[in-house]
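Asks: Take this structure first; my questions come after.
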2 protein chains.
Amino acid sequence: MIAVDWGTSSFRAFRLDAAGGVLDRTSSALGILHVPHGDFAAVLRNQVGGWLAAGESEILLCGMVGSRQGWVEAPYLPCPAGPSEIVAALVTVPFENARVRLVPGLSDADESGVPEVMRGEETQLLGVMETDGLACLPGSHSKWAKIEGGRIVSFRTYLSGEAFSALRAGTILGRMMIDAPSDHGAFAEGVARSGASGHVLHHLFGVRTRGLFGTLADTASASYLSGLLIGHEIRAALPAGGRVCLIGAASLTALYATAISACGGTAEIMDEDAAARGLARIAGVG
Amino acid sequence: MIAVDWGTSSFRAFRLDAAGGVLDRTSSALGILHVPHGDFAAVLRNQVGGWLAAGESEILLCGMVGSRQGWVEAPYLPCPAGPSEIVAALVTVPFENARVRLVPGLSDADESGVPEVMRGEETQLLGVMETDGLACLPGSHSKWAKIEGGRIVSFRTYLSGEAFSALRAGTILGRMMIDAPSDHGAFAEGVARSGASGHVLHHLFGVRTRGLFGTLADTASASYLSGLLIGHEIRAALPAGGRVCLIGAASLTALYATAISACGGTAEIMDEDAAARGLARIAGVG
């Protein structure tokens, strides 16, 4: 089968064997926002045509390709949800010479009844979470999900990644930052600061004043801001001394693992091919 | 005397009588970032030349004009500070036919030793705070200051205003917002949401999902986001049931007064000419 993780800014496809092992892989920057003329079928055929010619006829897609801005909208499935609920809610898309199906995203509601959504992360979660526990998928919109009995029972989103980018691009904090390699010491100072008294809106101003008073270098302040926001997210999402599985790109999960440890928690970094494994599991392969 | 509040984006000047009353006023958009060729003396002479010709010879300036990006840097004075400490730290600037002096900004340190700064707000505070208490000056960098015995004893800054602008300009939250008049109901919902469980980084994502699920109109989401951030600031800065004096532009102080009341506090909106009165007090006039 062919497993595809098709997000906003990237396209990643895997050819899987009958045991769910990765035989081959391909990727491109043709995320759903960059599909020429909205012709998703043409992009898909172009990307995986060789595997179709070699006999594959089953394609399972996850990610924002199933959103309103994607190919066909696959309505959100409410939590708790596991593989059986997701299989029952797959959306079939017309495509010649292969069966193409979309994995739906999941929805939840927080303690105040405010909606939660994910699209793509549910598949990664099912790919790696074989035991009960807490998982974090860091990113622009970081997700923290609870897994019980192989099902995703609830999740919460934190806007940390996108807030970092916006604060850097649009405030006085960013105007004094100088691009430089990540500064691990400054990142750790930011994580520590997130545990101090005072609200994050106050802590943010300290990025400015520490620069002004010369105790934070302009080349280090982006790392400090990153640590500050990630630290706030972790302290809010992770119970004291808790354990969490990290799923995502290696650079980001390594950063989160450091911060989680500094906040008194324990992190385990999972396989980067979580989406392929999740799609295999949903397809009943392997 | 002539009192001038010269900030980053605006210039406001007042001609005061011997009792500190406002005889005349003028303003322009020639904030310190818009002074042609950095010629502060020329702008000042151009703006208040008529009053100098009429016999004024004493000019007192406050605001960012005393910063590193301004005319001459007036070093920060540490808290606690009142009129006598500020008078002793005035910085004289060369100027023909008049004595021109700059009010220094103030510095403080929070519970963790991270520096705090203000420049201009100290003068507004001294203009209106005749009794002990808590004052808030809302804005891009909102200031909350404690006044005791006529002196500013400590203060804290919240980046709420600038965070609002950056999140609106640089995140998915802003991409779905449609410009519209302020929506008082949505603002109140945002303030209420700030009191719910969960971190502000989580609450921010709810602005997106409520829009997605149709429970928050695209024309109302900017007001909701504003209420959410201002609510977080107030709940962090104002003790339960506390009382605060609001100093600043009428549109902003009215918004804060509504939010403070919704958070269980009491607000009193002060005179908009606080800077002129503070400069008169520092000059010993009136």
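Residue numbers start at 1 in each chain; chains themselves are named A, B, ... in the order of the structure tokens; ligands are numbered from 1 in the order shown.
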With only C-alpha atoms considered, list every residue of chain B at most 9 Å from chain A, as a short mmCIF file (atom, residue, chain, number, x, y, z; two decimals) with N, CA and C atoms, in the first residue's frame.
Replies:
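Saved as result-v1.cif:
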```cif
data_model
loop_
_atom_site.label_atom_id
_atom_site.label_comp_id
_atom_site.auth_asym_id
_atom_site.auth_seq_id
_atom_site.Cartn_x
_atom_site.Cartn_y
_atom_site.Cartn_z
N ASP B 110 12.03 42.64 38.87
CA ASP B 110 10.93 41.83 39.39
C ASP B 110 11.45 40.81 40.40
N GLU B 111 10.56 39.94 40.90
CA GLU B 111 10.90 38.98 41.96
C GLU B 111 12.10 38.12 41.58
N SER B 112 12.32 37.92 40.28
CA SER B 112 13.43 37.08 39.82
C SER B 112 14.66 37.90 39.47
N VAL B 114 14.79 40.17 37.15
CA VAL B 114 14.77 40.60 35.74
C VAL B 114 14.40 42.08 35.70
N PRO B 115 15.15 42.88 34.91
CA PRO B 115 14.93 44.33 34.93
C PRO B 115 13.57 44.75 34.37
N GLU B 116 13.12 45.89 34.85
CA GLU B 116 11.91 46.55 34.37
C GLU B 116 12.29 47.98 34.00
N VAL B 117 11.64 48.51 32.97
CA VAL B 117 11.88 49.92 32.61
C VAL B 117 10.58 50.61 32.21
N HIS B 141 3.00 48.11 25.78
CA HIS B 141 3.68 47.54 26.95
C HIS B 141 2.97 48.11 28.17
N ARG B 156 5.45 46.64 37.08
CA ARG B 156 5.60 45.46 36.21
C ARG B 156 5.01 45.78 34.84
N THR B 157 5.64 45.20 33.82
CA THR B 157 5.19 45.42 32.44
C THR B 157 4.62 44.14 31.85
N TYR B 158 3.56 44.28 31.06
CA TYR B 158 2.93 43.17 30.34
C TYR B 158 2.91 43.53 28.85
N LEU B 159 3.32 42.59 28.02
CA LEU B 159 3.46 42.88 26.59
C LEU B 159 2.13 42.73 25.83
N SER B 160 1.01 42.77 26.53
CA SER B 160 -0.30 42.44 25.95
C SER B 160 -0.60 43.14 24.63
N GLU B 162 1.31 44.69 22.35
CA GLU B 162 2.16 44.31 21.22
C GLU B 162 1.94 42.84 20.84
N ALA B 163 1.67 41.99 21.83
CA ALA B 163 1.38 40.58 21.52
C ALA B 163 0.10 40.49 20.69
N SER B 165 -1.12 42.72 18.58
CA SER B 165 -0.83 43.14 17.21
C SER B 165 -0.05 42.07 16.45
N ALA B 166 0.94 41.48 17.11
CA ALA B 166 1.78 40.48 16.43
C ALA B 166 1.00 39.20 16.13
N LEU B 167 0.17 38.77 17.08
CA LEU B 167 -0.62 37.55 16.86
C LEU B 167 -1.64 37.78 15.75
N ARG B 168 -2.19 38.99 15.72
CA ARG B 168 -3.16 39.31 14.67
C ARG B 168 -2.48 39.36 13.30
N ALA B 169 -1.30 39.95 13.25
CA ALA B 169 -0.61 40.12 11.97
C ALA B 169 0.06 38.84 11.49
N GLY B 170 0.47 37.97 12.44
CA GLY B 170 1.38 36.90 12.03
C GLY B 170 0.93 35.49 12.29
N THR B 171 -0.35 35.26 12.64
CA THR B 171 -0.79 33.88 12.89
C THR B 171 -2.08 33.59 12.14
N ILE B 172 -2.46 32.32 12.18
CA ILE B 172 -3.71 31.89 11.55
C ILE B 172 -4.91 32.58 12.21
N ARG B 193 -13.10 34.11 29.17
CA ARG B 193 -12.28 32.95 28.82
C ARG B 193 -10.92 32.99 29.53
N ALA B 196 -10.77 31.00 32.62
CA ALA B 196 -11.00 29.55 32.56
C ALA B 196 -9.69 28.81 32.81
N SER B 197 -9.80 27.51 33.09
CA SER B 197 -8.59 26.72 33.28
C SER B 197 -7.83 26.62 31.97
N GLY B 198 -6.54 26.36 32.06
CA GLY B 198 -5.72 26.26 30.85
C GLY B 198 -4.88 27.51 30.67
N HIS B 199 -3.75 27.31 30.00
CA HIS B 199 -2.78 28.40 29.79
C HIS B 199 -3.22 29.30 28.64
N VAL B 200 -2.74 30.53 28.63
CA VAL B 200 -3.07 31.45 27.53
C VAL B 200 -2.65 30.87 26.17
N LEU B 201 -1.55 30.10 26.11
CA LEU B 201 -1.13 29.50 24.84
C LEU B 201 -2.16 28.50 24.32
N HIS B 202 -2.89 27.88 25.26
CA HIS B 202 -4.01 27.01 24.87
C HIS B 202 -5.24 27.85 24.50
N HIS B 203 -5.53 28.86 25.30
CA HIS B 203 -6.70 29.71 25.01
C HIS B 203 -6.60 30.35 23.62
N LEU B 204 -5.37 30.66 23.21
CA LEU B 204 -5.20 31.29 21.89
C LEU B 204 -5.71 30.38 20.77
N PHE B 205 -5.47 29.08 20.91
CA PHE B 205 -5.91 28.17 19.85
C PHE B 205 -7.44 28.14 19.76
N GLY B 206 -8.10 28.39 20.89
CA GLY B 206 -9.57 28.43 20.90
C GLY B 206 -10.15 29.54 20.04
N THR B 209 -10.41 27.68 16.81
CA THR B 209 -11.42 26.61 16.72
C THR B 209 -12.85 27.16 16.85
N ARG B 210 -13.02 28.19 17.67
CA ARG B 210 -14.37 28.74 17.77
C ARG B 210 -14.79 29.34 16.42
N LEU B 212 -13.69 28.20 13.51
CA LEU B 212 -13.88 27.02 12.66
C LEU B 212 -15.25 26.38 12.88
N PHE B 213 -15.70 26.37 14.12
CA PHE B 213 -16.97 25.72 14.46
C PHE B 213 -18.14 26.71 14.43
N LEU B 229 -6.46 38.55 25.93
CA LEU B 229 -5.12 38.98 26.37
C LEU B 229 -5.22 40.00 27.51
N HIS B 232 -6.14 38.21 30.67
CA HIS B 232 -4.99 37.52 31.27
C HIS B 232 -4.10 38.51 32.02
N GLU B 233 -3.86 39.66 31.41
CA GLU B 233 -3.02 40.68 32.05
C GLU B 233 -3.64 41.12 33.39
N ALA B 236 -3.50 38.60 36.17
CA ALA B 236 -2.13 38.42 36.69
C ALA B 236 -1.69 39.62 37.52
N ALA B 237 -2.16 40.82 37.16
CA ALA B 237 -1.60 42.04 37.76
C ALA B 237 -2.43 42.59 38.91
#
```
Asks: Could you list, as JSON, numbers by chain, every residue within 6 Å of region 277-285 of chain B, counting only C-alpha atoms and ignoring same-chain residues fewer than 2 positions away?
Replies: {"B": [3, 18, 19, 20, 83, 123, 124, 126, 127, 274, 275]}
Asks: Going by DSSP on the backbone, which bits of region 138-280 of chain B are strand (DSSP E)? Write them as a count of residues only, please.
Replies: 23
Asks: Using CA of Leu33 (chain B) and CA of Ser57 (chain B) as the two end points, give the distance in Å to one decimal.
Replies: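 That distance, rounded to one decimal, is 26.0 Å.
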